[in-house]
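What follows is a set of notes on a single structure, which appears directly below.
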Amino acid sequence: MLGFFQRRRLRRAFRRYLGELGPALLKRYGPQDQFTVRQVLATIHDLRLDTRFAAYAVALYRHEASSNCVALLGVDQPLLNSLRREIALALFSGNSGYTVNDVLSLTCRPGWQGGPAPDWMASKHGRTSL
């Protein structure tokens, strides 16, 4: 059973794994069916994300355990399946057959998404293209 602070750290790390790690993996390595453990760990290290929950990041972006998965993280296929079920219950209505594309579709791109013009002064003086 995770304590309060441990769950809080996990939620924070998980949000960053979704919001930052996924787009960074896509940008660095291109679209793939699943990313390797070394790719995920190198990107986590480069982005300076929390490495305590790296097994969850691997479970997000991999569906098969590899020799590196066992050697570097100690995550075998039954543990990986368990982590994927836990993630699926939280994000995908229990569908543990999610793919990398499903995970990447959860990330939202920052920026203007419609609504009022971002520069209210320009809008006030009619200098916008809207």
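Note on naming: chains are A, B, ... as they come in the structure tokens, residues start from 1 per chain, ligands start from 1 in the order shown.
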Could you name the residues that touch Ala13 (chain A) at 10 Å or less, counting only C-alpha atoms, but leaving out those on the same chain fewer than 6 positions away, as a list in words?
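Result of the neighbour search: Arg7, Gly19, Leu49, Asp50, Thr51, Arg52, Phe53, Ala54, Tyr56 and Ala57 of chain A.
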Taking N, CA and C atoms for each residue, export the selection above as an mmCIF file, in the first residue's frame.
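Full text of again20.cif as output:
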data_model
loop_
_atom_site.group_PDB
_atom_site.id
_atom_site.type_symbol
_atom_site.label_atom_id
_atom_site.label_comp_id
_atom_site.auth_asym_id
_atom_site.auth_seq_id
_atom_site.Cartn_x
_atom_site.Cartn_y
_atom_site.Cartn_z
ATOM 1 N N ARG A 7 1.939 8.219 -3.180
ATOM 2 C CA ARG A 7 0.911 8.325 -4.229
ATOM 3 C C ARG A 7 0.962 9.681 -4.913
ATOM 4 N N GLY A 19 2.544 13.882 -20.269
ATOM 5 C CA GLY A 19 2.608 15.176 -20.934
ATOM 6 C C GLY A 19 3.933 15.518 -21.574
ATOM 7 N N LEU A 49 13.187 13.764 -15.482
ATOM 8 C CA LEU A 49 11.950 13.329 -14.841
ATOM 9 C C LEU A 49 12.288 12.387 -13.694
ATOM 10 N N ASP A 50 11.313 12.122 -12.849
ATOM 11 C CA ASP A 50 11.491 11.250 -11.699
ATOM 12 C C ASP A 50 11.710 9.811 -12.164
ATOM 13 N N THR A 51 12.837 9.219 -11.767
ATOM 14 C CA THR A 51 13.170 7.866 -12.212
ATOM 15 C C THR A 51 12.668 6.798 -11.251
ATOM 16 N N ARG A 52 12.103 7.181 -10.128
ATOM 17 C CA ARG A 52 11.621 6.191 -9.167
ATOM 18 C C ARG A 52 10.470 5.364 -9.731
ATOM 19 N N PHE A 53 9.720 5.918 -10.642
ATOM 20 C CA PHE A 53 8.554 5.235 -11.195
ATOM 21 C C PHE A 53 8.760 4.925 -12.675
ATOM 22 N N ALA A 54 9.985 4.658 -13.067
ATOM 23 C CA ALA A 54 10.301 4.385 -14.471
ATOM 24 C C ALA A 54 9.587 3.139 -14.981
ATOM 25 N N TYR A 56 6.532 2.403 -14.512
ATOM 26 C CA TYR A 56 5.244 2.858 -15.039
ATOM 27 C C TYR A 56 5.419 3.488 -16.427
ATOM 28 N N ALA A 57 6.510 4.216 -16.620
ATOM 29 C CA ALA A 57 6.767 4.809 -17.935
ATOM 30 C C ALA A 57 6.974 3.714 -18.975
#
Close residues, Ser67 (chain A) itself excluded, 12 Å, only C-alpha atoms, min 6 positions apart in chain, as a ChimeraX atom specification
/A:36-38,73-77
Atoms to include: all heavy atoms. Write the selected residues as a PDB file, in the first residue's frame.
ATOM      1  N   THR A  36      11.714   1.202 -26.955  1.00  0.00           N
ATOM      2  CA  THR A  36      12.572   0.316 -26.184  1.00  0.00           C
ATOM      3  C   THR A  36      12.767   0.875 -24.779  1.00  0.00           C
ATOM      4  O   THR A  36      12.540   2.064 -24.526  1.00  0.00           O
ATOM      5  CB  THR A  36      13.947   0.141 -26.852  1.00  0.00           C
ATOM      6  OG1 THR A  36      14.644   1.385 -26.814  1.00  0.00           O
ATOM      7  CG2 THR A  36      13.805  -0.352 -28.285  1.00  0.00           C
ATOM      8  N   VAL A  37      13.220   0.006 -23.901  1.00  0.00           N
ATOM      9  CA  VAL A  37      13.448   0.419 -22.510  1.00  0.00           C
ATOM     10  C   VAL A  37      14.559   1.458 -22.460  1.00  0.00           C
ATOM     11  O   VAL A  37      14.456   2.453 -21.735  1.00  0.00           O
ATOM     12  CB  VAL A  37      13.803  -0.809 -21.640  1.00  0.00           C
ATOM     13  CG1 VAL A  37      14.141  -0.393 -20.229  1.00  0.00           C
ATOM     14  CG2 VAL A  37      12.662  -1.785 -21.641  1.00  0.00           C
ATOM     15  N   ARG A  38      15.600   1.261 -23.239  1.00  0.00           N
ATOM     16  CA  ARG A  38      16.708   2.228 -23.247  1.00  0.00           C
ATOM     17  C   ARG A  38      16.267   3.587 -23.785  1.00  0.00           C
ATOM     18  O   ARG A  38      16.708   4.615 -23.307  1.00  0.00           O
ATOM     19  CB  ARG A  38      17.877   1.687 -24.045  1.00  0.00           C
ATOM     20  CG  ARG A  38      18.551   0.518 -23.356  1.00  0.00           C
ATOM     21  CD  ARG A  38      19.890   0.209 -23.990  1.00  0.00           C
ATOM     22  NE  ARG A  38      20.489  -0.944 -23.391  1.00  0.00           N
ATOM     23  CZ  ARG A  38      21.359  -0.900 -22.396  1.00  0.00           C
ATOM     24  NH1 ARG A  38      21.715   0.255 -21.900  1.00  0.00           N
ATOM     25  NH2 ARG A  38      21.878  -2.014 -21.912  1.00  0.00           N
ATOM     26  N   LEU A  73      15.418  -2.831 -15.043  1.00  0.00           N
ATOM     27  CA  LEU A  73      14.363  -2.432 -14.104  1.00  0.00           C
ATOM     28  C   LEU A  73      13.848  -3.578 -13.231  1.00  0.00           C
ATOM     29  O   LEU A  73      13.134  -3.329 -12.269  1.00  0.00           O
ATOM     30  CB  LEU A  73      13.180  -1.839 -14.876  1.00  0.00           C
ATOM     31  CG  LEU A  73      13.444  -0.545 -15.619  1.00  0.00           C
ATOM     32  CD1 LEU A  73      12.236  -0.176 -16.461  1.00  0.00           C
ATOM     33  CD2 LEU A  73      13.773   0.564 -14.658  1.00  0.00           C
ATOM     34  N   GLY A  74      14.151  -4.787 -13.590  1.00  0.00           N
ATOM     35  CA  GLY A  74      13.621  -5.930 -12.850  1.00  0.00           C
ATOM     36  C   GLY A  74      12.141  -6.156 -13.105  1.00  0.00           C
ATOM     37  O   GLY A  74      11.429  -6.680 -12.261  1.00  0.00           O
ATOM     38  N   VAL A  75      11.671  -5.759 -14.267  1.00  0.00           N
ATOM     39  CA  VAL A  75      10.254  -5.891 -14.626  1.00  0.00           C
ATOM     40  C   VAL A  75      10.119  -7.018 -15.636  1.00  0.00           C
ATOM     41  O   VAL A  75      10.586  -6.911 -16.767  1.00  0.00           O
ATOM     42  CB  VAL A  75       9.722  -4.565 -15.224  1.00  0.00           C
ATOM     43  CG1 VAL A  75       8.299  -4.722 -15.686  1.00  0.00           C
ATOM     44  CG2 VAL A  75       9.844  -3.449 -14.220  1.00  0.00           C
ATOM     45  N   ASP A  76       9.503  -8.112 -15.209  1.00  0.00           N
ATOM     46  CA  ASP A  76       9.242  -9.217 -16.118  1.00  0.00           C
ATOM     47  C   ASP A  76       7.832  -9.077 -16.688  1.00  0.00           C
ATOM     48  O   ASP A  76       7.109  -8.141 -16.351  1.00  0.00           O
ATOM     49  CB  ASP A  76       9.446 -10.563 -15.428  1.00  0.00           C
ATOM     50  CG  ASP A  76       8.593 -10.703 -14.178  1.00  0.00           C
ATOM     51  OD1 ASP A  76       7.955  -9.718 -13.782  1.00  0.00           O
ATOM     52  OD2 ASP A  76       8.571 -11.806 -13.611  1.00  0.00           O
ATOM     53  N   GLN A  77       7.450 -10.015 -17.553  1.00  0.00           N
ATOM     54  CA  GLN A  77       6.164  -9.892 -18.242  1.00  0.00           C
ATOM     55  C   GLN A  77       4.961  -9.888 -17.294  1.00  0.00           C
ATOM     56  O   GLN A  77       4.068  -9.066 -17.472  1.00  0.00           O
ATOM     57  CB  GLN A  77       6.016 -10.992 -19.303  1.00  0.00           C
ATOM     58  CG  GLN A  77       4.830 -10.806 -20.224  1.00  0.00           C
ATOM     59  CD  GLN A  77       4.934  -9.550 -21.065  1.00  0.00           C
ATOM     60  OE1 GLN A  77       5.976  -9.279 -21.641  1.00  0.00           O
ATOM     61  NE2 GLN A  77       3.878  -8.777 -21.154  1.00  0.00           N
TER      62      GLN A  77
END
As a PyMOL selection string, please: the residues near region 21-30 of chain A (cut-off 10 Å, only C-alpha atoms, same-chain neighbours under 3 positions excluded).
chain A and resi 14-18+35+39-44+46-47+49+57+60-61+100-101+103-109
Preceding selection exported with N, CA, C and O atoms as an mmCIF file, in the first residue's frame:
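Result file selection08.cif:
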data_model
loop_
_atom_site.group_PDB
_atom_site.id
_atom_site.type_symbol
_atom_site.label_atom_id
_atom_site.label_comp_id
_atom_site.auth_asym_id
_atom_site.auth_seq_id
_atom_site.Cartn_x
_atom_site.Cartn_y
_atom_site.Cartn_z
ATOM 1 N N PHE A 14 3.554 10.543 -13.077
ATOM 2 C CA PHE A 14 2.709 9.978 -14.121
ATOM 3 C C PHE A 14 2.219 11.069 -15.071
ATOM 4 O O PHE A 14 2.203 10.880 -16.290
ATOM 5 N N ARG A 15 1.817 12.210 -14.519
ATOM 6 C CA ARG A 15 1.378 13.322 -15.371
ATOM 7 C C ARG A 15 2.494 13.776 -16.288
ATOM 8 O O ARG A 15 2.274 14.075 -17.470
ATOM 9 N N ARG A 16 3.713 13.824 -15.759
ATOM 10 C CA ARG A 16 4.844 14.252 -16.583
ATOM 11 C C ARG A 16 5.217 13.178 -17.602
ATOM 12 O O ARG A 16 5.654 13.509 -18.708
ATOM 13 N N TYR A 17 5.039 11.894 -17.240
ATOM 14 C CA TYR A 17 5.286 10.830 -18.209
ATOM 15 C C TYR A 17 4.314 10.923 -19.367
ATOM 16 O O TYR A 17 4.665 10.644 -20.504
ATOM 17 N N LEU A 18 3.094 11.322 -19.098
ATOM 18 C CA LEU A 18 2.113 11.488 -20.174
ATOM 19 C C LEU A 18 2.367 12.758 -20.969
ATOM 20 O O LEU A 18 2.367 12.753 -22.197
ATOM 21 N N PHE A 35 8.222 1.649 -27.715
ATOM 22 C CA PHE A 35 9.571 2.162 -27.582
ATOM 23 C C PHE A 35 10.398 1.202 -26.743
ATOM 24 O O PHE A 35 9.874 0.477 -25.889
ATOM 25 N N GLN A 39 15.383 3.605 -24.781
ATOM 26 C CA GLN A 39 14.871 4.872 -25.292
ATOM 27 C C GLN A 39 14.066 5.598 -24.220
ATOM 28 O O GLN A 39 14.224 6.805 -24.021
ATOM 29 N N VAL A 40 13.221 4.873 -23.523
ATOM 30 C CA VAL A 40 12.393 5.479 -22.474
ATOM 31 C C VAL A 40 13.273 6.000 -21.348
ATOM 32 O O VAL A 40 13.122 7.146 -20.892
ATOM 33 N N LEU A 41 14.227 5.188 -20.890
ATOM 34 C CA LEU A 41 15.084 5.606 -19.777
ATOM 35 C C LEU A 41 15.992 6.772 -20.152
ATOM 36 O O LEU A 41 16.207 7.686 -19.352
ATOM 37 N N ALA A 42 16.526 6.770 -21.380
ATOM 38 C CA ALA A 42 17.378 7.880 -21.820
ATOM 39 C C ALA A 42 16.581 9.176 -21.905
ATOM 40 O O ALA A 42 17.070 10.241 -21.504
ATOM 41 N N THR A 43 15.362 9.100 -22.382
ATOM 42 C CA THR A 43 14.528 10.301 -22.484
ATOM 43 C C THR A 43 14.123 10.798 -21.102
ATOM 44 O O THR A 43 14.098 12.003 -20.857
ATOM 45 N N ILE A 44 13.811 9.880 -20.182
ATOM 46 C CA ILE A 44 13.511 10.275 -18.799
ATOM 47 C C ILE A 44 14.711 10.996 -18.190
ATOM 48 O O ILE A 44 14.573 12.027 -17.535
ATOM 49 N N ASP A 46 17.191 12.568 -19.823
ATOM 50 C CA ASP A 46 17.434 13.851 -20.497
ATOM 51 C C ASP A 46 16.425 14.923 -20.092
ATOM 52 O O ASP A 46 16.765 16.100 -20.006
ATOM 53 N N LEU A 47 15.187 14.526 -19.853
ATOM 54 C CA LEU A 47 14.151 15.472 -19.435
ATOM 55 C C LEU A 47 14.177 15.738 -17.928
ATOM 56 O O LEU A 47 13.416 16.568 -17.443
ATOM 57 N N LEU A 49 13.187 13.764 -15.482
ATOM 58 C CA LEU A 49 11.950 13.329 -14.841
ATOM 59 C C LEU A 49 12.288 12.387 -13.694
ATOM 60 O O LEU A 49 13.406 11.892 -13.584
ATOM 61 N N ALA A 57 6.510 4.216 -16.620
ATOM 62 C CA ALA A 57 6.767 4.809 -17.935
ATOM 63 C C ALA A 57 6.974 3.714 -18.975
ATOM 64 O O ALA A 57 6.465 3.806 -20.095
ATOM 65 N N LEU A 60 3.716 2.248 -19.866
ATOM 66 C CA LEU A 60 2.930 3.105 -20.753
ATOM 67 C C LEU A 60 3.320 2.905 -22.214
ATOM 68 O O LEU A 60 2.458 2.879 -23.097
ATOM 69 N N TYR A 61 4.612 2.789 -22.473
ATOM 70 C CA TYR A 61 5.104 2.819 -23.846
ATOM 71 C C TYR A 61 5.631 1.483 -24.349
ATOM 72 O O TYR A 61 6.218 1.410 -25.415
ATOM 73 N N VAL A 100 0.711 2.718 -27.958
ATOM 74 C CA VAL A 100 1.418 3.989 -27.805
ATOM 75 C C VAL A 100 0.576 5.128 -28.368
ATOM 76 O O VAL A 100 0.523 6.214 -27.800
ATOM 77 N N ASN A 101 -0.123 4.876 -29.466
ATOM 78 C CA ASN A 101 -0.974 5.913 -30.058
ATOM 79 C C ASN A 101 -2.101 6.321 -29.114
ATOM 80 O O ASN A 101 -2.479 7.488 -29.064
ATOM 81 N N VAL A 103 -1.922 6.273 -25.846
ATOM 82 C CA VAL A 103 -1.291 7.077 -24.785
ATOM 83 C C VAL A 103 -0.990 8.473 -25.306
ATOM 84 O O VAL A 103 -1.248 9.472 -24.627
ATOM 85 N N LEU A 104 -0.462 8.554 -26.525
ATOM 86 C CA LEU A 104 -0.127 9.867 -27.091
ATOM 87 C C LEU A 104 -1.370 10.701 -27.374
ATOM 88 O O LEU A 104 -1.298 11.927 -27.375
ATOM 89 N N SER A 105 -2.497 10.079 -27.593
ATOM 90 C CA SER A 105 -3.718 10.842 -27.838
ATOM 91 C C SER A 105 -4.220 11.522 -26.555
ATOM 92 O O SER A 105 -5.034 12.438 -26.628
ATOM 93 N N LEU A 106 -3.740 11.066 -25.398
ATOM 94 C CA LEU A 106 -4.132 11.700 -24.142
ATOM 95 C C LEU A 106 -3.392 13.005 -23.879
ATOM 96 O O LEU A 106 -3.843 13.822 -23.086
ATOM 97 N N THR A 107 -2.255 13.189 -24.524
ATOM 98 C CA THR A 107 -1.483 14.405 -24.298
ATOM 99 C C THR A 107 -2.113 15.543 -25.076
ATOM 100 O O THR A 107 -2.533 15.386 -26.221
ATOM 101 N N CYS A 108 -2.200 16.686 -24.458
ATOM 102 C CA CYS A 108 -2.753 17.847 -25.152
ATOM 103 C C CYS A 108 -1.608 18.798 -25.468
ATOM 104 O O CYS A 108 -0.682 18.971 -24.697
ATOM 105 N N ARG A 109 -1.687 19.377 -26.604
ATOM 106 C CA ARG A 109 -0.662 20.313 -27.027
ATOM 107 C C ARG A 109 -0.938 21.671 -26.382
ATOM 108 O O ARG A 109 -2.063 22.177 -26.470
#
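Here CA of Gln34 (chain A) and CA of Arg84 (chain A) stand 13.4 Å from one another.
In this comparison, which uses only C-alpha atoms, the residue of A:Ala88, A:Tyr98, A:Pro78, A:Ser93 approaching Arg62 (chain A) most closely is A:Tyr98.
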Tell me, in Å to one decimal, how far CA of Ala90 (chain A) is from CA of Ala71 (chain A).
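Answer for the CA of Ala90 (chain A) to CA of Ala71 (chain A) separation: 27.6 Å.
Comparing A:Leu79, A:Gly97, A:Ile87, A:Asp33 by their smallest distance to Leu10 (chain A), the closest is A:Ile87 (using only C-alpha atoms).
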Could you state the separation of CA of Glu64 (chain A) and CA of Leu80 (chain A) in Å, given to one decimal place?
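So the two atoms, CA of Glu64 (chain A) and CA of Leu80 (chain A), lie 7.7 Å apart.
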